[in-house]
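Trainee: Here's a structure for you.
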Amino acid sequence: MSENNRGTSRRGLFRAAGGLAALPIAARAGSLPAPTVEGDAGLAEFVLNVNGRDHRVALDVRTTLLDALREHIGLVGSKKGCDHGQCGACTVHIDGQRVLSCLTLAVAVQGEPVKTIEGLAAPDGALHPMQQAFIDHDGFQCGYCTPGQIMSAVACVREGHATTDADIREFMSGNLCRCAAYPKIVTAIKQAREQMEHA
Amino acid sequence: MRPFTYNRAVDLAQAARLGQQTGQGQTDAPVQFLAGGTSLIDLMKLDVLTPERVVDITPLRANHATVQAGHDGLRLGALAKMAAVAAHPTVLTDYPVIAQSLQFAASAQLRNMATLGGNVLQRTRCTYFRDPSWSACNKRNPGSGCAAIAGINRNHAVLGVDASCISQYPGDLAWP
């Protein structure tokens with residue numbers, strides 16, 4: 001999460017090498033452009049609200065929310081696993097609901113509040129109870145699915161679907177862990193549930 | 001994904017007007033409607049659906065995502081989300097089969113996205129349909145044949161099949 005603080009990052013080199021250095025202009029949003037009858041082909045200009053901040057972007061209308069976050073806004077916490085809605089690695093919250101950013105067109109969620117793993121910790125850097133619980137219980141191995149697991153788990157608790165172990169397993173079934181850290185993920189969610197409910 | 005023109009429908013009349021080119025709703029239809037997107041975006045990435053125009057009808061949800069239970073039955077808005085209907089108090093108590101059919105489908109994230117209209121109207125999940133490298137698929141290209149009949153056909157339909165297609169109906173809460 002300290003991507004911006006590094007002098008030279010691996011991703012920075014990739015960006016420069018791949019000619020992807022063009023970054024969107026992050027600015028306070030004005031009013032949204034009125035939808036046109038003819039529609040948007042090719043590039044569309046709109047505002048994405050991510051983690052409480054507005055980003056004015058100009059993206060090909062085909063761009064998924066996941067690609068917009070990762071490749072254009074620079075928030076690479078959300079991961080691309082299957083890119084077909086089956087693995088859950090790209091899970092984010094839109095308007096508080098957990099959804100799959102790989103099956104969401106960025107242009108279709110313009111102006112709606114998107115929250116990613118980068119927006120979960122407190123402004124002072126204090127981790128969300130779910131993040132801390134995953135660390136406390138070693139709820140991951142390679143870590144690739146973890147941002148999606150944590151975003152899904154936070155929503156799972158808020159929905160009231162984390163009351164029993166069986167419920168947690170059922171309602172977390174949209175997040176696959178190839179390392180099979182499932183028992184520790186269940187334990188982590190139970191710890192965070194207690195803290196979230198008493199917060 | 002092939003290039004397309006994106007429209008947001010502001011009302012039913014506009015959605016209908018933009019959708020006039022949908023023809024018979026075949027996979028080569030030049031216009032597709034976008035609601036939850038869980039099936040459409042997936043199939044567009046797979047190059048199964050290649051619309052020239054995508055009409056986003058989610059702005060219509062204010063009036064078309066309601067759940068109304070009364071003496072004359074249950075009315076479900078086409079843009080109601082699977083998760084919302086599955087958790088609706090009256091659906092849970094009076095229509096448990098519908099609630100359970102939705103609860104046990106897909107994943108929590110997909111149920112938060114997918115709409116009932118899309119669930120009922122979604123395309124088959126037949127793997128030969130989803131892979132355009134197989135030229136024979138009567139659902140993708142009518143008259144081309146069916147690769148599934150003599151292919152890997154486990155989990156395909158047992159009842160109600162014919163010589164042209166053995167795919168199952170993929171919806172969760174309704175029959176065609």
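The chains in the structure tokens are called A, B, ... from first to last as shown; in each chain the residues are counted from 1, and the ligands are counted from 1 in the order shown.
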Tell me as a PyMOL selection string which residues belonging to chain B come within 9 Å of chain A, counting only C-alpha atoms.
Mentor: chain B and resi 1-10+14+18+36-42+45+53+55-56+58+104+106-113
Trainee: For range 120-135 of chain B, find every residue with an atom within 6 Å (counting only C-alpha atoms), except residues of its own chain fewer than 3 positions away, and show them as an MDAnalysis selection string.
Mentor: chainID B and resid 117 167 170:171
Trainee: Could you tell me how far CA of Leu102 in chain B sits from CA of Leu76 in chain B, in Å to one decimal place?
Mentor: 12.9 Å
Trainee: DSSP on the backbone, strand (DSSP E or B) only: what residues of range 3-192 of chain A does that give? Format it as a ChimeraX atom specification.
Mentor: /A:40-41,43-50,53-60,64,91-94,97-100,105,113-115
Trainee: Using the chain letters and numbers from this document, which residues of range 7-93 of chain B does DSSP assign to helix (DSSP H, G or I), as number ranges by chain?
Mentor: B: 12-22, 40-45, 58-64, 82-86, 89-93
Trainee: May I have the selected residues written with C-alpha atoms, as a compact mmCIF listing (two decimals), in the first residue's frame?
Mentor:
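Saved file result.txt follows:
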```txt
# COMPACT_ATOMS: atom_id res chain seq x y z
CA LEU B 12 -38.30 2.90 -20.59
CA ALA B 13 -39.16 4.67 -23.83
CA GLN B 14 -35.53 5.37 -24.58
CA ALA B 15 -34.52 1.80 -23.68
CA ALA B 16 -37.20 0.46 -26.01
CA ARG B 17 -36.21 2.78 -28.82
CA LEU B 18 -32.52 1.90 -28.50
CA GLY B 19 -33.43 -1.78 -28.30
CA GLN B 20 -35.40 -1.85 -31.51
CA GLN B 21 -32.45 -3.39 -33.32
CA THR B 22 -32.32 -6.43 -31.05
CA LEU B 40 -23.19 -10.16 -20.61
CA ILE B 41 -19.69 -8.88 -19.80
CA ASP B 42 -18.47 -12.45 -19.37
CA LEU B 43 -19.82 -13.52 -22.77
CA MET B 44 -18.49 -10.36 -24.43
CA LYS B 45 -15.02 -11.13 -23.08
CA THR B 58 -29.58 0.09 -14.55
CA PRO B 59 -30.80 3.73 -14.32
CA LEU B 60 -34.32 2.26 -14.55
CA ARG B 61 -33.96 0.38 -11.27
CA ALA B 62 -35.70 3.05 -9.23
CA ASN B 63 -39.02 1.88 -10.69
CA HIS B 64 -38.22 -1.68 -11.73
CA MET B 82 -30.96 -11.81 -6.58
CA ALA B 83 -29.55 -11.08 -3.10
CA ALA B 84 -32.27 -8.53 -2.33
CA VAL B 85 -35.09 -10.88 -3.29
CA ALA B 86 -33.50 -13.82 -1.46
CA PRO B 89 -38.88 -10.95 4.53
CA THR B 90 -42.09 -11.92 2.70
CA VAL B 91 -40.27 -13.97 0.08
CA LEU B 92 -38.48 -15.81 2.90
CA THR B 93 -41.67 -16.64 4.78
```
Trainee: Grab the CA of Val157 in chain A to CA of Gln195 in chain A distance for me, in Å with one decimal place.
Mentor: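 Value for the CA of Val157 in chain A-CA of Gln195 in chain A distance: 10.5 Å.
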Trainee: Looking at A:Ala133, A:Ala58, A:Cys82, A:Ala162, which one is nearest to Arg178 in chain A, with distances taken over only C-alpha atoms?
Mentor: A:Cys82
